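**Q** The following file, final_31.cif, comprises mmCIF, C-alpha atoms:
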data_work
loop_
_atom_site.group_PDB
_atom_site.id
_atom_site.type_symbol
_atom_site.label_atom_id
_atom_site.label_comp_id
_atom_site.auth_asym_id
_atom_site.auth_seq_id
_atom_site.Cartn_x
_atom_site.Cartn_y
_atom_site.Cartn_z
ATOM 1 C CA MET J 277 -27.187 13.363 6.992
ATOM 2 C CA ARG J 278 -29.741 14.019 9.727
ATOM 3 C CA MET J 279 -26.959 13.961 12.279
ATOM 4 C CA PHE J 280 -25.122 16.578 10.246
ATOM 5 C CA LEU J 281 -28.156 18.849 10.332
ATOM 6 C CA TRP J 282 -28.388 18.394 14.103
ATOM 7 C CA ASN J 283 -24.718 19.249 14.360
ATOM 8 C CA LEU J 284 -25.230 22.378 12.268
ATOM 9 C CA LEU J 285 -28.206 23.367 14.396
ATOM 10 C CA LEU J 286 -26.147 23.000 17.572
ATOM 11 C CA ALA J 287 -23.371 25.079 16.011
ATOM 12 C CA LEU J 288 -25.841 27.829 15.115
ATOM 13 C CA ALA J 289 -27.260 27.713 18.628
ATOM 14 C CA TRP J 290 -23.715 28.099 19.939
ATOM 15 C CA THR J 291 -22.949 31.150 17.753
ATOM 16 C CA VAL J 292 -26.257 32.784 18.651
ATOM 17 C CA SER J 293 -25.812 32.190 22.370
ATOM 18 C CA THR J 294 -22.219 33.439 22.385
ATOM 19 C CA GLY J 295 -23.227 36.379 20.213
ATOM 20 C CA GLN J 296 -20.130 36.227 17.984
ATOM 21 C CA PHE J 297 -21.214 35.391 14.475
ATOM 22 C CA THR J 298 -17.795 34.642 12.973
ATOM 23 C CA VAL J 299 -16.469 31.687 11.007
ATOM 24 C CA ALA J 300 -14.066 30.713 13.786
ATOM 25 C CA ASN J 301 -16.879 30.663 16.321
ATOM 26 C CA LEU J 302 -19.046 28.602 13.965
ATOM 27 C CA LEU J 303 -16.220 26.065 13.715
ATOM 28 C CA VAL J 304 -15.966 25.940 17.502
ATOM 29 C CA GLY J 305 -19.705 25.326 17.592
ATOM 30 C CA LEU J 306 -19.417 22.519 15.041
ATOM 31 C CA VAL J 307 -16.688 20.764 17.038
ATOM 32 C CA LEU J 308 -18.609 21.164 20.305
ATOM 33 C CA GLY J 309 -21.811 19.974 18.640
ATOM 34 C CA TYR J 310 -20.044 16.905 17.302
ATOM 35 C CA PHE J 311 -18.882 15.883 20.768
ATOM 36 C CA ILE J 312 -22.279 16.628 22.305
ATOM 37 C CA LEU J 313 -23.919 14.364 19.739
ATOM 38 C CA LEU J 314 -21.257 11.755 20.343
ATOM 39 C CA PHE J 315 -21.979 11.712 24.081
ATOM 40 C CA ALA J 316 -25.709 11.838 23.445
ATOM 41 C CA GLY J 317 -25.370 8.849 21.130
ATOM 42 C CA ARG J 318 -26.400 6.518 23.936
ATOM 43 C CA ALA J 319 -29.804 8.187 24.096
ATOM 44 C CA ILE J 320 -30.489 9.072 20.467
ATOM 45 C CA GLY J 321 -28.809 6.086 18.847
ATOM 46 C CA TYR J 322 -25.441 5.823 17.106
ATOM 47 C CA SER J 323 -25.159 6.727 13.486
ATOM 48 C CA SER J 324 -22.485 6.242 10.871
ATOM 49 C CA TYR J 325 -21.998 10.008 11.023
ATOM 50 C CA PHE J 326 -19.689 9.669 14.025
ATOM 51 C CA SER J 327 -17.228 7.435 12.198
ATOM 52 C CA LYS J 328 -17.578 9.349 8.932
ATOM 53 C CA VAL J 329 -16.468 12.724 10.289
ATOM 54 C CA PRO J 330 -12.955 11.609 11.370
ATOM 55 C CA GLN J 331 -12.673 9.736 8.059
ATOM 56 C CA VAL J 332 -13.528 12.842 6.074
ATOM 57 C CA VAL J 333 -11.039 14.929 8.065
ATOM 58 C CA ALA J 334 -8.315 12.296 7.640
ATOM 59 C CA PHE J 335 -9.009 12.048 3.917
ATOM 60 C CA ALA J 336 -8.954 15.826 3.501
ATOM 61 C CA LEU J 337 -5.549 15.993 5.217
ATOM 62 C CA PHE J 338 -4.185 13.071 3.171
ATOM 63 C CA TYR J 339 -5.457 14.547 -0.082
ATOM 64 C CA PHE J 340 -4.169 18.026 0.678
ATOM 65 C CA GLY J 341 -0.716 16.602 1.432
ATOM 66 C CA GLN J 342 -0.758 14.672 -1.842
ATOM 67 C CA LEU J 343 -1.860 17.814 -3.686
ATOM 68 C CA ILE J 344 1.042 19.866 -2.347
ATOM 69 C CA LEU J 345 3.611 17.104 -2.982
ATOM 70 C CA ALA J 346 2.418 16.493 -6.533
ATOM 71 C CA ASN J 347 2.311 20.217 -7.260
ATOM 72 C CA LEU J 348 5.910 20.607 -6.083
ATOM 73 C CA ARG J 349 7.027 17.678 -8.238
ATOM 74 C CA VAL J 350 5.430 19.148 -11.345
ATOM 75 C CA ALA J 351 6.791 22.578 -10.413
ATOM 76 C CA TYR J 352 10.309 21.119 -10.136
ATOM 77 C CA ASP J 353 9.960 19.629 -13.591
ATOM 78 C CA VAL J 354 8.696 22.916 -15.002
ATOM 79 C CA VAL J 355 11.570 25.043 -13.720
ATOM 80 C CA THR J 356 14.470 22.629 -14.381
ATOM 81 C CA PRO J 357 15.676 22.306 -17.965
ATOM 82 C CA THR J 358 15.468 18.506 -18.301
ATOM 83 C CA HIS J 359 12.164 16.662 -18.528
ATOM 84 C CA TYR J 360 11.987 13.949 -15.901
ATOM 85 C CA MET J 361 8.496 12.808 -16.634
ATOM 86 C CA GLN J 362 7.575 9.470 -18.108
ATOM 87 C CA PRO J 363 3.999 10.024 -19.172
ATOM 88 C CA GLY J 364 1.513 7.457 -20.319
ATOM 89 C CA VAL J 365 -2.153 6.685 -20.582
ATOM 90 C CA ILE J 366 -3.052 3.902 -18.179
ATOM 91 C CA ALA J 367 -6.295 1.992 -17.729
ATOM 92 C CA ILE J 368 -7.604 1.710 -14.200
ATOM 93 C CA PRO J 369 -10.234 -0.963 -13.544
ATOM 94 C CA LEU J 370 -12.848 0.600 -11.316
ATOM 95 C CA ASP J 371 -14.505 -0.752 -8.214
ATOM 96 C CA ALA J 372 -16.638 2.377 -8.078
ATOM 97 C CA HIS J 373 -20.021 1.860 -9.673
ATOM 98 C CA THR J 374 -22.396 4.724 -9.052
ATOM 99 C CA ASP J 375 -22.269 8.073 -10.815
ATOM 100 C CA ALA J 376 -21.348 9.892 -7.608
ATOM 101 C CA GLU J 377 -18.413 7.596 -6.841
ATOM 102 C CA ILE J 378 -16.976 7.747 -10.342
ATOM 103 C CA THR J 379 -17.453 11.509 -10.602
ATOM 104 C CA LEU J 380 -15.768 12.174 -7.288
ATOM 105 C CA LEU J 381 -12.889 9.817 -8.075
ATOM 106 C CA ALA J 382 -12.328 11.288 -11.548
ATOM 107 C CA ASN J 383 -12.478 14.800 -10.155
ATOM 108 C CA LEU J 384 -9.958 14.015 -7.415
ATOM 109 C CA ILE J 385 -7.650 12.279 -9.891
ATOM 110 C CA THR J 386 -7.767 15.260 -12.232
ATOM 111 C CA LEU J 387 -7.173 17.717 -9.409
ATOM 112 C CA THR J 388 -3.929 15.989 -8.423
ATOM 113 C CA PRO J 389 -1.095 17.302 -10.588
ATOM 114 C CA GLY J 390 0.449 14.572 -12.689
ATOM 115 C CA THR J 391 -2.748 12.625 -13.244
ATOM 116 C CA LEU J 392 -5.589 13.571 -15.561
ATOM 117 C CA ALA J 393 -8.747 11.537 -16.075
ATOM 118 C CA LEU J 394 -9.147 11.158 -19.833
ATOM 119 C CA ASP J 395 -12.139 8.973 -20.458
ATOM 120 C CA LEU J 396 -14.430 6.338 -19.036
ATOM 121 C CA SER J 397 -15.086 3.159 -20.970
ATOM 122 C CA ALA J 398 -18.602 2.670 -22.305
ATOM 123 C CA ASP J 399 -19.447 -0.003 -19.723
ATOM 124 C CA ARG J 400 -18.118 2.246 -16.905
ATOM 125 C CA SER J 401 -15.662 -0.383 -15.684
ATOM 126 C CA VAL J 402 -12.379 1.222 -16.750
ATOM 127 C CA LEU J 403 -11.129 4.763 -16.244
ATOM 128 C CA TYR J 404 -8.359 5.954 -18.564
ATOM 129 C CA VAL J 405 -5.891 8.240 -16.830
ATOM 130 C CA HIS J 406 -3.045 10.271 -18.283
ATOM 131 C CA ALA J 407 -0.250 10.034 -15.731
ATOM 132 C CA MET J 408 2.908 12.110 -15.951
ATOM 133 C CA TYR J 409 5.153 10.166 -13.638
ATOM 134 C CA ILE J 410 5.254 6.444 -14.199
ATOM 135 C CA ASN J 411 8.423 5.586 -12.312
ATOM 136 C CA ASN J 412 10.804 3.227 -14.129
ATOM 137 C CA CYS J 413 8.145 2.574 -16.752
ATOM 138 C CA ASP J 414 6.286 0.452 -14.187
ATOM 139 C CA VAL J 415 2.699 0.820 -15.365
ATOM 140 C CA GLU J 416 1.424 -1.739 -12.859
ATOM 141 C CA GLU J 417 2.897 0.234 -9.972
ATOM 142 C CA ALA J 418 1.320 3.494 -11.161
ATOM 143 C CA ARG J 419 -2.004 1.732 -11.548
ATOM 144 C CA ARG J 420 -1.725 0.238 -8.081
ATOM 145 C CA GLN J 421 -0.869 3.628 -6.570
ATOM 146 C CA ILE J 422 -4.023 5.268 -7.885
ATOM 147 C CA LYS J 423 -6.191 2.277 -7.059
ATOM 148 C CA GLU J 424 -4.880 1.661 -3.537
ATOM 149 C CA GLY J 425 -4.138 5.245 -2.669
ATOM 150 C CA LEU J 426 -7.085 7.192 -3.953
ATOM 151 C CA GLU J 427 -9.885 4.880 -5.033
ATOM 152 C CA ARG J 428 -9.830 2.747 -1.890
ATOM 153 C CA ARG J 429 -10.036 5.821 0.324
ATOM 154 C CA VAL J 430 -12.796 7.430 -1.719
ATOM 155 C CA LEU J 431 -14.861 4.260 -1.574
ATOM 156 C CA GLU J 432 -14.283 3.900 2.168
ATOM 157 C CA LEU J 433 -15.600 7.413 2.517
ATOM 158 C CA LEU J 434 -18.724 6.965 0.419
ATOM 159 C CA ARG J 435 -19.820 3.489 1.475
ATOM 160 C CA MET R 160 0.138 37.808 12.507
ATOM 161 C CA ASN R 161 -2.732 37.955 10.029
ATOM 162 C CA ASP R 162 -0.659 40.170 7.766
ATOM 163 C CA VAL R 163 2.118 37.606 7.658
ATOM 164 C CA VAL R 164 -0.303 34.785 6.817
ATOM 165 C CA THR R 165 -1.930 36.914 4.124
ATOM 166 C CA ALA R 166 1.421 37.840 2.603
ATOM 167 C CA VAL R 167 2.657 34.230 2.582
ATOM 168 C CA LEU R 168 -0.572 32.988 0.997
ATOM 169 C CA ILE R 169 -0.489 35.645 -1.714
ATOM 170 C CA VAL R 170 3.166 34.971 -2.555
ATOM 171 C CA VAL R 171 2.620 31.200 -2.647
ATOM 172 C CA GLY R 172 -0.517 31.617 -4.748
ATOM 173 C CA GLY R 173 1.276 33.932 -7.148
ATOM 174 C CA ALA R 174 4.197 31.505 -7.416
ATOM 175 C CA PHE R 175 1.871 28.642 -8.317
ATOM 176 C CA MET R 176 0.157 30.789 -10.954
ATOM 177 C CA LEU R 177 3.527 31.736 -12.417
ATOM 178 C CA LEU R 178 4.524 28.057 -12.506
ATOM 179 C CA ALA R 179 1.285 27.263 -14.326
ATOM 180 C CA GLY R 180 2.131 29.908 -16.921
ATOM 181 C CA VAL R 181 5.694 28.699 -17.368
ATOM 182 C CA GLY R 182 4.395 25.129 -17.496
ATOM 183 C CA ILE R 183 2.197 25.913 -20.499
ATOM 184 C CA VAL R 184 5.276 27.056 -22.404
ATOM 185 C CA ARG R 185 7.633 24.339 -21.236
ATOM 186 C CA MET R 186 5.585 21.165 -21.400
ATOM 187 C CA PRO R 187 5.990 19.130 -24.593
ATOM 188 C CA ASP R 188 2.432 18.037 -25.395
ATOM 189 C CA LEU R 189 -1.128 19.196 -24.870
ATOM 190 C CA PHE R 190 -1.979 16.751 -22.090
ATOM 191 C CA MET R 191 0.943 17.759 -19.922
ATOM 192 C CA ARG R 192 0.212 21.406 -20.658
ATOM 193 C CA MET R 193 -3.292 20.874 -19.346
ATOM 194 C CA GLN R 194 -1.789 19.230 -16.272
ATOM 195 C CA ALA R 195 0.588 22.079 -15.608
ATOM 196 C CA ALA R 196 -1.969 24.780 -16.322
ATOM 197 C CA THR R 197 -5.048 23.600 -14.461
ATOM 198 C CA LYS R 198 -3.795 22.151 -11.199
ATOM 199 C CA ALA R 199 -1.199 24.747 -10.263
ATOM 200 C CA ALA R 200 -3.546 27.569 -11.267
ATOM 201 C CA THR R 201 -6.352 26.046 -9.188
ATOM 202 C CA LEU R 202 -4.129 25.814 -6.138
ATOM 203 C CA GLY R 203 -2.869 29.337 -6.768
ATOM 204 C CA ALA R 204 -6.396 30.719 -6.972
ATOM 205 C CA GLY R 205 -7.267 28.804 -3.791
ATOM 206 C CA CYS R 206 -4.292 30.312 -1.951
ATOM 207 C CA MET R 207 -5.206 33.844 -3.059
ATOM 208 C CA LEU R 208 -8.838 33.454 -2.004
ATOM 209 C CA MET R 209 -7.690 32.117 1.370
ATOM 210 C CA ALA R 210 -5.499 35.210 1.678
ATOM 211 C CA VAL R 211 -8.559 37.370 1.035
ATOM 212 C CA ALA R 212 -10.518 35.444 3.668
ATOM 213 C CA VAL R 213 -7.730 35.789 6.264
ATOM 214 C CA HIS R 214 -7.155 39.459 5.520
ATOM 215 C CA PHE R 215 -10.767 40.609 5.842
ATOM 216 C CA GLY R 216 -11.972 38.064 8.360
ATOM 217 C CA GLU R 217 -15.605 39.126 8.047
ATOM 218 C CA LEU R 218 -18.248 36.482 7.724
ATOM 219 C CA THR R 219 -19.657 37.788 4.439
ATOM 220 C CA VAL R 220 -16.220 37.907 2.796
ATOM 221 C CA VAL R 221 -15.047 34.585 4.243
ATOM 222 C CA THR R 222 -18.133 32.664 3.168
ATOM 223 C CA ARG R 223 -17.885 34.057 -0.351
ATOM 224 C CA ALA R 224 -14.169 33.282 -0.565
ATOM 225 C CA LEU R 225 -14.830 29.710 0.596
ATOM 226 C CA LEU R 226 -17.673 29.347 -1.897
ATOM 227 C CA VAL R 227 -15.568 30.620 -4.799
ATOM 228 C CA THR R 228 -12.741 28.251 -3.785
ATOM 229 C CA ALA R 229 -15.156 25.339 -3.680
ATOM 230 C CA PHE R 230 -16.527 26.138 -7.134
ATOM 231 C CA VAL R 231 -13.076 26.623 -8.646
ATOM 232 C CA PHE R 232 -11.969 23.276 -7.232
ATOM 233 C CA LEU R 233 -15.129 21.604 -8.525
ATOM 234 C CA THR R 234 -15.147 23.041 -12.037
ATOM 235 C CA ALA R 235 -11.464 23.298 -13.018
ATOM 236 C CA PRO R 236 -10.919 19.496 -13.175
ATOM 237 C CA VAL R 237 -14.085 19.056 -15.230
ATOM 238 C CA ALA R 238 -12.903 21.633 -17.768
ATOM 239 C CA ALA R 239 -9.439 20.059 -17.911
ATOM 240 C CA HIS R 240 -10.963 16.633 -18.370
ATOM 241 C CA MET R 241 -13.244 17.780 -21.197
ATOM 242 C CA ILE R 242 -10.465 19.588 -23.084
ATOM 243 C CA ALA R 243 -8.072 16.637 -22.750
ATOM 244 C CA ARG R 244 -10.761 14.161 -23.776
ATOM 245 C CA ALA R 245 -11.724 16.227 -26.823
ATOM 246 C CA ALA R 246 -8.062 16.608 -27.778
ATOM 247 C CA TYR R 247 -7.493 12.894 -27.444
ATOM 248 C CA SER R 248 -10.488 11.947 -29.554
ATOM 249 C CA VAL R 249 -9.482 14.226 -32.433
ATOM 250 C CA GLY R 250 -6.053 12.595 -32.450
ATOM 251 C CA THR R 251 -3.716 15.076 -30.799
ATOM 252 C CA PRO R 252 -0.323 13.339 -30.773
ATOM 253 C CA LEU R 253 1.216 12.331 -27.465
ATOM 254 C CA TRP R 254 4.766 13.313 -26.569
ATOM 255 C CA LYS R 255 7.438 11.032 -28.013
ATOM 256 C CA GLY R 256 8.569 10.076 -24.504
ATOM 257 C CA THR R 257 5.166 8.632 -23.680
ATOM 258 C CA ILE R 258 5.741 5.088 -22.477
ATOM 259 C CA ALA R 259 2.273 3.569 -22.598
ATOM 260 C CA ASP R 260 -1.082 4.214 -24.185
ATOM 261 C CA GLU R 261 -3.566 1.634 -23.039
ATOM 262 C CA PHE R 262 -6.497 3.668 -24.298
ATOM 263 C CA ARG R 263 -5.413 3.513 -27.906
ATOM 264 C CA CYS R 264 -4.773 -0.211 -27.802
ATOM 265 C CA GLU R 265 -8.316 -0.865 -26.756
ATOM 266 C CA ASN R 266 -10.155 1.711 -28.810
ATOM 267 C CA ASP R 267 -8.440 2.154 -32.136
ATOM 268 C CA ARG R 268 -8.756 5.807 -32.896
ATOM 269 C CA VAL R 269 -10.175 7.052 -36.156
ATOM 270 C CA GLY R 270 -7.721 8.702 -38.499
ATOM 271 C CA GLN R 271 -4.682 7.373 -36.672
ATOM 272 C CA SER R 272 -2.206 5.766 -39.040
ATOM 273 C CA ALA R 273 -0.438 2.724 -37.690
ATOM 274 C CA GLY R 274 3.003 4.138 -38.428
ATOM 275 C CA GLU R 275 2.528 7.029 -36.067
ATOM 276 C CA THR R 276 2.533 5.013 -32.893
ATOM 277 C CA SER R 277 5.833 3.551 -31.870
ATOM 278 C CA THR R 278 6.011 0.070 -30.409
ATOM 279 C CA ALA R 279 6.778 1.548 -27.031
ATOM 280 C CA GLN R 280 3.477 3.362 -27.032
ATOM 281 C CA ARG R 281 1.559 0.189 -27.566
ATOM 282 C CA ALA R 282 1.591 -1.236 -24.102
ATOM 283 C CA ASN R 283 0.952 -4.909 -23.737
ATOM 284 C CA PRO R 284 -2.832 -5.335 -23.457
ATOM 285 C CA ALA R 285 -2.290 -8.664 -21.717
ATOM 286 C CA ALA R 286 -0.879 -6.812 -18.704
ATOM 287 C CA ARG R 287 -4.322 -5.444 -17.973
ATOM 288 C CA GLU R 288 -6.425 -6.874 -15.227
ATOM 289 C CA LYS R 289 -9.963 -7.939 -16.042
#
Could you take the file, read its structure, and then write that structure out as structure tokens?

**A**
Amino acid sequence: MRMFLWNLLLALAWTVSTGQFTVANLLVGLVLGYFILLFAGRAIGYSSYFSKVPQVVAFALFYFGQLILANLRVAYDVVTPTHYMQPGVIAIPLDAHTDAEITLLANLITLTPGTLALDLSADRSVLYVHAMYINNCDVEEARRQIKEGLERRVLELLR
Amino acid sequence: MNDVVTAVLIVVGGAFMLLAGVGIVRMPDLFMRMQAATKAATLGAGCMLMAVAVHFGELTVVTRALLVTAFVFLTAPVAAHMIARAAYSVGTPLWKGTIADEFRCENDRVGQSAGETSTAQRANPAAREK
């Protein structure tokens, strides 16, 4: 977190010194600041921030791709006359424990078309998800997809 | 160049919004209607706000567009989740094609007669891990 503030400070310094206060220039400053901090790591000590940033970017790209794909699949089902979906409510055992982890995971699951977080069990160990596409009625496979695909990545990001 | 990007974003955003609207009519039960309505509409709103940001390109407009996008993406899933959860707990029936309902097996819902759920809906609880 402190590293992020340093990075932001460097980016602001960059925009002020170049005199162009635009979003694009701020982004340039952020990227430059990241590499400056990376090279300065030898002097100021390495932090998990350097490995987290590429992870966050990779996750954002992965999630955005999934979002588009899932949206197109639902869209295809909406505009064609036959219903292809095989919906069901599946229980997903959680490895996420804290409020932040569960909230983020549930939010991401709900934001993906085709999956909707319904409820959390009282002991916070199971998340119930309404999924629209359970291929070939394979509940285990759908469960594994959410667990391996989304939960594992979210936890990697937060821990 | 910016005009082209703006136009594409607006058309794509509008298309997603239209799909969300059609989805509400076409989907067979409440849960899938929520799915069709919230996600596509969220993405559509995001696309339109991005179009605004690209078109104006000023810092004040761009930051506000990004902020609105962030809030829409944060709040829409919460609303969808709450509506679906409320609907489920008052016993809104699932579509007849629903293949599994592991929630109902574990927490028998109040006011749900046994005859209403088909055998297909009662997924095997033994298949659950943990």

**Q** Counting only C-alpha atoms, give me one row per residue of chain R with an atom at most 8 Å from an atom of chain J, showing the shortest contact pair and its distance in Å to one decimal, sorted by chain then residue number, as a tab-separated table.

**A**
residue	atom	partner	partner_atom	distance
R:Leu178	CA	J:Ala351	CA	6.3
R:Val181	CA	J:Val354	CA	6.9
R:Gly182	CA	J:Val354	CA	5.4
R:Arg185	CA	J:Val354	CA	6.5
R:Met186	CA	J:Val354	CA	7.3
R:Phe190	CA	J:His406	CA	7.6
R:Met191	CA	J:Met408	CA	7.2
R:Gln194	CA	J:Pro389	CA	6.0
R:Ala195	CA	J:Val350	CA	7.1
R:Lys198	CA	J:Pro389	CA	5.6
R:Ala199	CA	J:Asn347	CA	6.5
R:Glu217	CA	J:Thr298	CA	7.0
R:Leu218	CA	J:Thr298	CA	5.6
R:Val221	CA	J:Val299	CA	7.5
R:Phe232	CA	J:Leu387	CA	7.7
R:Leu233	CA	J:Asn383	CA	7.5
R:Ala235	CA	J:Leu387	CA	7.9
R:Pro236	CA	J:Thr386	CA	5.4
R:Val237	CA	J:Asn383	CA	6.8
R:Ala239	CA	J:Thr386	CA	7.6
R:His240	CA	J:Leu394	CA	6.0
R:Met241	CA	J:Leu394	CA	7.9
R:Ala243	CA	J:Leu394	CA	6.3
R:Arg244	CA	J:Leu394	CA	5.2
R:Tyr247	CA	J:Leu394	CA	8.0
R:Gly256	CA	J:Gln362	CA	6.5
R:Thr257	CA	J:Pro363	CA	4.9
R:Ile258	CA	J:Gly364	CA	5.3
R:Ala259	CA	J:Gly364	CA	4.6
R:Asp260	CA	J:Val365	CA	4.5
R:Glu261	CA	J:Ile366	CA	5.4
R:Phe262	CA	J:Tyr404	CA	6.4
R:Arg287	CA	J:Ala367	CA	7.7
R:Glu288	CA	J:Pro369	CA	7.2
R:Lys289	CA	J:Pro369	CA	7.4

**Q** Need to verify the contact set: region 301-311 of chain J, 10 Å, only C-alpha atoms, exclusion of same-chain residues closer than 4 positions in sequence. Can you return it as a PDB file with C-alpha atoms, in the coordinates of the input?

**A**
ATOM      1  CA  MET J 279     -26.959  13.961  12.279  1.00  0.00           C
ATOM      2  CA  PHE J 280     -25.122  16.578  10.246  1.00  0.00           C
ATOM      3  CA  TRP J 282     -28.388  18.394  14.103  1.00  0.00           C
ATOM      4  CA  ASN J 283     -24.718  19.249  14.360  1.00  0.00           C
ATOM      5  CA  LEU J 284     -25.230  22.378  12.268  1.00  0.00           C
ATOM      6  CA  LEU J 285     -28.206  23.367  14.396  1.00  0.00           C
ATOM      7  CA  LEU J 286     -26.147  23.000  17.572  1.00  0.00           C
ATOM      8  CA  ALA J 287     -23.371  25.079  16.011  1.00  0.00           C
ATOM      9  CA  LEU J 288     -25.841  27.829  15.115  1.00  0.00           C
ATOM     10  CA  ALA J 289     -27.260  27.713  18.628  1.00  0.00           C
ATOM     11  CA  TRP J 290     -23.715  28.099  19.939  1.00  0.00           C
ATOM     12  CA  THR J 291     -22.949  31.150  17.753  1.00  0.00           C
ATOM     13  CA  VAL J 292     -26.257  32.784  18.651  1.00  0.00           C
ATOM     14  CA  THR J 294     -22.219  33.439  22.385  1.00  0.00           C
ATOM     15  CA  GLY J 295     -23.227  36.379  20.213  1.00  0.00           C
ATOM     16  CA  GLN J 296     -20.130  36.227  17.984  1.00  0.00           C
ATOM     17  CA  PHE J 297     -21.214  35.391  14.475  1.00  0.00           C
ATOM     18  CA  PHE J 315     -21.979  11.712  24.081  1.00  0.00           C
ATOM     19  CA  ALA J 316     -25.709  11.838  23.445  1.00  0.00           C
ATOM     20  CA  GLY J 317     -25.370   8.849  21.130  1.00  0.00           C
ATOM     21  CA  TYR J 325     -21.998  10.008  11.023  1.00  0.00           C
ATOM     22  CA  PHE J 326     -19.689   9.669  14.025  1.00  0.00           C
ATOM     23  CA  VAL J 329     -16.468  12.724  10.289  1.00  0.00           C
TER      24      VAL J 329
END

**Q** Report, in Å with one decimal, the straight-line distance from CA of Ser324 (chain J) to CA of Leu226 (chain R).

**A**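 It comes out at 26.8 Å.
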
**Q** What gap, in Å, lies between CA of Ile422 (chain J) and CA of Val333 (chain J)?

**A**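 Taking CA of Ile422 (chain J) and CA of Val333 (chain J), their separation equals 19.9 Å.
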
**Q** Quick one: distance from CA of Leu189 (chain R) to CA of Tyr360 (chain J) in Å, one decimal?

**A**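 Spanning CA of Leu189 (chain R) to CA of Tyr360 (chain J) is a straight-line distance of 16.7 Å.
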
**Q** With 3 Å of padding per side, what axis-aligned box (centre and edge lengths, Å, one decimal) covers all the listed atoms of region 160-174 of chain R? Give it as JSON.

**A**
{"center_x": 0.7, "center_y": 35.7, "center_z": 2.5, "size_x": 12.9, "size_y": 15.0, "size_z": 25.9}

**Q** Decode the PyMOL selection byres ((chain R and resi 210) around 9) for the given file into explicit residues and return them as a PyMOL selection string.

**A** chain R and resi 164-169+172+205-209+211-215

**Q** Write to file, as a PDB file, in the frame of the given file, the residues of the selection just made, with C-alpha atoms.

**A**
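Everything below was put into again-v3.pdb:
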ATOM      1  CA  VAL R 164      -0.303  34.785   6.817  1.00  0.00           C
ATOM      2  CA  THR R 165      -1.930  36.914   4.124  1.00  0.00           C
ATOM      3  CA  ALA R 166       1.421  37.840   2.603  1.00  0.00           C
ATOM      4  CA  VAL R 167       2.657  34.230   2.582  1.00  0.00           C
ATOM      5  CA  LEU R 168      -0.572  32.988   0.997  1.00  0.00           C
ATOM      6  CA  ILE R 169      -0.489  35.645  -1.714  1.00  0.00           C
ATOM      7  CA  GLY R 172      -0.517  31.617  -4.748  1.00  0.00           C
ATOM      8  CA  GLY R 205      -7.267  28.804  -3.791  1.00  0.00           C
ATOM      9  CA  CYS R 206      -4.292  30.312  -1.951  1.00  0.00           C
ATOM     10  CA  MET R 207      -5.206  33.844  -3.059  1.00  0.00           C
ATOM     11  CA  LEU R 208      -8.838  33.454  -2.004  1.00  0.00           C
ATOM     12  CA  MET R 209      -7.690  32.117   1.370  1.00  0.00           C
ATOM     13  CA  VAL R 211      -8.559  37.370   1.035  1.00  0.00           C
ATOM     14  CA  ALA R 212     -10.518  35.444   3.668  1.00  0.00           C
ATOM     15  CA  VAL R 213      -7.730  35.789   6.264  1.00  0.00           C
ATOM     16  CA  HIS R 214      -7.155  39.459   5.520  1.00  0.00           C
ATOM     17  CA  PHE R 215     -10.767  40.609   5.842  1.00  0.00           C
TER      18      PHE R 215
END

**Q** Which of these residues is nearest to Lys423 (chain J), using all atoms listed in the file: J:Pro330, J:Ala319, J:Asp371, J:Phe338?

**A**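 Of J:Pro330, J:Ala319, J:Asp371, J:Phe338, the one nearest Lys423 (chain J) is J:Asp371, counting all atoms listed in the file.
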
**Q** Using all atoms listed in the file for the distances, tell me which of J:Ile312, J:Val430, J:Ile320, J:Ala334 is nearest to Arg278 (chain J).

**A**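 Distance minimum relative to Arg278 (chain J) lands on J:Ile320.
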
**Q** I need the residue nearest Trp254 (chain R) from this list: R:Ala224, R:Phe230, R:Asp188, R:Val171. Use only C-alpha atoms for the distance.

**A**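 Closest candidate: R:Asp188.
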
**Q** Since fewer atoms than expected are present, regenerate N, CA and C atoms for region 253-260 of chain R and write them as an mmCIF file, in the frame of the given file.

**A**
data_model
loop_
_atom_site.group_PDB
_atom_site.id
_atom_site.type_symbol
_atom_site.label_atom_id
_atom_site.label_comp_id
_atom_site.auth_asym_id
_atom_site.auth_seq_id
_atom_site.Cartn_x
_atom_site.Cartn_y
_atom_site.Cartn_z
ATOM 1 N N LEU R 253 0.589 12.336 -28.781
ATOM 2 C CA LEU R 253 1.216 12.331 -27.465
ATOM 3 C C LEU R 253 2.698 12.598 -27.628
ATOM 4 N N TRP R 254 3.330 13.032 -26.550
ATOM 5 C CA TRP R 254 4.766 13.313 -26.569
ATOM 6 C C TRP R 254 5.534 12.043 -26.933
ATOM 7 N N LYS R 255 6.696 12.211 -27.570
ATOM 8 C CA LYS R 255 7.438 11.032 -28.013
ATOM 9 C C LYS R 255 7.956 10.199 -26.842
ATOM 10 N N GLY R 256 8.090 10.814 -25.676
ATOM 11 C CA GLY R 256 8.569 10.076 -24.504
ATOM 12 C C GLY R 256 7.489 9.288 -23.789
ATOM 13 N N THR R 257 6.270 9.345 -24.322
ATOM 14 C CA THR R 257 5.166 8.632 -23.680
ATOM 15 C C THR R 257 5.426 7.131 -23.704
ATOM 16 N N ILE R 258 5.315 6.487 -22.544
ATOM 17 C CA ILE R 258 5.741 5.088 -22.477
ATOM 18 C C ILE R 258 4.592 4.106 -22.648
ATOM 19 N N ALA R 259 3.367 4.529 -22.470
ATOM 20 C CA ALA R 259 2.273 3.569 -22.598
ATOM 21 C C ALA R 259 1.015 4.303 -23.018
ATOM 22 N N ASP R 260 0.211 3.652 -23.843
ATOM 23 C CA ASP R 260 -1.082 4.214 -24.185
ATOM 24 C C ASP R 260 -2.087 3.079 -24.233
#
